[in-house]
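Undergrad: Have a look at this one before I ask anything.
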Amino acid sequence: MGQLCCCIQVDQSQVAMKETFGRFNEVLEPGCHCLPWILGQKIGGHLSLRVQKLDVRCETKTKDNVFVTVIASVQYRAILAKAVDAFYKLSNTREQIQAYVFDVIRATVPKMNLDDFFEQKNHVAKAVEQELEKVMTNYGFEIVQTLIVDIEPDETVKRAMNEINAAARMRVATKDKAEAEKILQIKRAEGEAEAKYLSGLGIARQRQAIVDGLRDSVIAFSDNVPGTTAREVMDMVLVTQYFDTMKEIGASSKSSAVFIPHGPGAVSDVAEQIRNGLLQAQAH
């Protein structure tokens, strides 16, 4: 209806190509324009000035012979000052951009190892952007930004990379566990040594107390009973301890059978062995 009335509307963020008898005449910016079709004037087409996005999937190989699928996202738009070139010079802008992205990625990525590619993907994106900017400017397009949005290695490669990472973490965990076990064993050994040391001190003090008690008993008995010798008092003490021991063994319900000399001469033999041991200890 607009063309029948010789009027045409161009929407915002668009331009229209005005042609006269098939020949380009001028660029019509947004607004209402009069095109007397009877004079051979018409709209050859519209060109969007908005930023457009093109995602390109490109399969390539790295320097260490790993096949990867690279997904690059290119943002571009037509330049108003070069709208004629953008509309008439290229028949398929998206295919043209895709071809240059393929060319740059397949020329850059094979020079890198896979790990380097992950670390330097911005370098690849910059190389793609510079090449596209240099070429597409001649066709009236501006490259706003180029991003490498994803890198997809082969599934077996991803599985191997995960296993390598898991093995490395397992080594660290095992090392830390071994260090913790080492520290635990050292602390346990130090604790046992300290316990044995304190136990030894306790036994030594106990024996010292026993010796002191026996000495005091002998001295007190000798003072209270004139004419007794230290040996006689010691024999009496040993006999008393002998019977106390027998009483305790017999009173215990869980005691094992113990065979010890029980004749009258046994006490004398025990006393003699104790005295000999004490004399040998004093000699040393």
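Just so we're on the same page: first chain in the structure tokens is A, next is B, and so on; residues restart at 1 for each chain, and ligands are numbered from 1 in the order they show up.
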Excluding same-chain residues fewer than 2 positions from Val124 of chain A, what lies within 9 Å of it counting only C-alpha atoms, as a short mmCIF file (atom, residue, chain, number, x, y, z; two decimals) with N, CA and C atoms, in the first residue's frame?

TA:
```cif
data_model
loop_
_atom_site.label_atom_id
_atom_site.label_comp_id
_atom_site.auth_asym_id
_atom_site.auth_seq_id
_atom_site.Cartn_x
_atom_site.Cartn_y
_atom_site.Cartn_z
N VAL A 104 41.65 -18.72 10.07
CA VAL A 104 42.54 -18.23 11.13
C VAL A 104 42.71 -19.28 12.23
N ILE A 105 41.62 -19.91 12.64
CA ILE A 105 41.71 -20.90 13.72
C ILE A 105 42.56 -22.09 13.28
N THR A 108 46.21 -21.11 13.40
CA THR A 108 46.79 -20.71 14.69
C THR A 108 46.85 -21.85 15.69
N VAL A 109 45.76 -22.59 15.85
CA VAL A 109 45.68 -23.63 16.87
C VAL A 109 46.71 -24.75 16.67
N PHE A 117 46.62 -23.95 24.48
CA PHE A 117 45.44 -23.40 23.81
C PHE A 117 44.40 -22.96 24.85
N GLN A 120 45.72 -19.77 26.33
CA GLN A 120 45.91 -18.63 25.44
C GLN A 120 44.77 -18.50 24.43
N LYS A 121 43.57 -18.88 24.83
CA LYS A 121 42.45 -18.79 23.88
C LYS A 121 42.15 -17.34 23.50
N ASN A 122 42.45 -16.41 24.42
CA ASN A 122 42.25 -15.00 24.08
C ASN A 122 43.18 -14.56 22.95
N LYS A 126 41.89 -12.93 19.52
CA LYS A 126 42.42 -11.67 19.03
C LYS A 126 42.91 -11.80 17.59
N ALA A 127 43.55 -12.94 17.28
CA ALA A 127 44.02 -13.16 15.91
C ALA A 127 42.86 -13.23 14.93
N VAL A 128 41.77 -13.90 15.35
CA VAL A 128 40.58 -13.98 14.49
C VAL A 128 39.98 -12.60 14.29
N GLU A 129 39.88 -11.84 15.36
CA GLU A 129 39.29 -10.50 15.28
C GLU A 129 40.10 -9.59 14.37
N LEU A 147 35.01 -13.83 20.34
CA LEU A 147 35.27 -14.60 21.55
C LEU A 147 35.39 -16.08 21.22
N ILE A 148 36.31 -16.76 21.92
CA ILE A 148 36.37 -18.22 21.89
C ILE A 148 35.56 -18.68 23.09
#
```

Undergrad: I want to know what sits within 10 Å of Tyr76 of chain A, based on only C-alpha atoms, with residues of the same chain fewer than 5 positions away left out; could you give that as JSON, numbers by chain?

TA: {"A": [49, 50, 51, 52, 53, 54, 94, 97, 132, 133, 136, 141, 142, 143, 144, 145, 146]}

Undergrad: Find the distance between atom CA of Ile43 of chain A and atom CA of Gln75 of chain A and write it in Å to one decimal.

TA: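 Going from atom CA of Ile43 of chain A over to atom CA of Gln75 of chain A, I get 27.2 Å.
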
Undergrad: Considering only C-alpha atoms, can you say which of A:Glu181, A:Glu163, A:Asp154, A:Asp244 comes closest to Asn65 of chain A?

TA: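 Among the listed residues, A:Asp154 lies closest to Asn65 of chain A.
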
Undergrad: Can you measure atom CA of Leu28 of chain A to atom CA of Lys89 of chain A for me? One decimal in Å is fine.

TA: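 That distance, rounded to one decimal, is 18.0 Å.
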
Undergrad: Hey, what's within 9 Å of Val27 of chain A if we count only C-alpha atoms and toss same-chain stuff fewer than 4 positions away? As a list in words, please?

TA: Val15, Ala16, Met17, Lys18, Ala83 and Val84 of chain A

Undergrad: Write the residues you've just listed into a file as a PDB file, in the first residue's frame, and include N, CA and C atoms for each of them.

TA:
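File produced: again-v4.pdb:
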```pdb
ATOM      1  N   VAL A  15      18.620   0.816   7.187  1.00  0.00           N
ATOM      2  CA  VAL A  15      18.695   1.715   6.027  1.00  0.00           C
ATOM      3  C   VAL A  15      18.147   0.954   4.832  1.00  0.00           C
ATOM      4  N   ALA A  16      17.667   1.705   3.850  1.00  0.00           N
ATOM      5  CA  ALA A  16      17.116   1.095   2.639  1.00  0.00           C
ATOM      6  C   ALA A  16      17.889   1.577   1.427  1.00  0.00           C
ATOM      7  N   MET A  17      18.038   0.694   0.452  1.00  0.00           N
ATOM      8  CA  MET A  17      18.759   1.021  -0.782  1.00  0.00           C
ATOM      9  C   MET A  17      17.754   1.471  -1.847  1.00  0.00           C
ATOM     10  N   LYS A  18      17.808   2.742  -2.194  1.00  0.00           N
ATOM     11  CA  LYS A  18      16.906   3.293  -3.218  1.00  0.00           C
ATOM     12  C   LYS A  18      17.535   3.072  -4.587  1.00  0.00           C
ATOM     13  N   ALA A  83      27.376   1.596   3.905  1.00  0.00           N
ATOM     14  CA  ALA A  83      26.200   0.744   3.754  1.00  0.00           C
ATOM     15  C   ALA A  83      26.072   0.176   2.351  1.00  0.00           C
ATOM     16  N   VAL A  84      26.498   0.942   1.352  1.00  0.00           N
ATOM     17  CA  VAL A  84      26.404   0.462  -0.032  1.00  0.00           C
ATOM     18  C   VAL A  84      27.279  -0.748  -0.236  1.00  0.00           C
TER      19      VAL A  84
END
```

Undergrad: Restricting the calculation to only C-alpha atoms: of A:Gln130, A:Asn138, A:Gln41, A:Ser48, which residue gets closest to Gln14 of chain A?

TA: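 Result for the nearest residue to Gln14 of chain A: A:Ser48.
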
Undergrad: I'd like to know which of A:Gln12, A:Asn224, A:Thr69, A:Thr137 is closest to Pro30 of chain A, using only C-alpha atoms.

TA: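 Of A:Gln12, A:Asn224, A:Thr69, A:Thr137, the one nearest Pro30 of chain A is A:Gln12, counting only C-alpha atoms.
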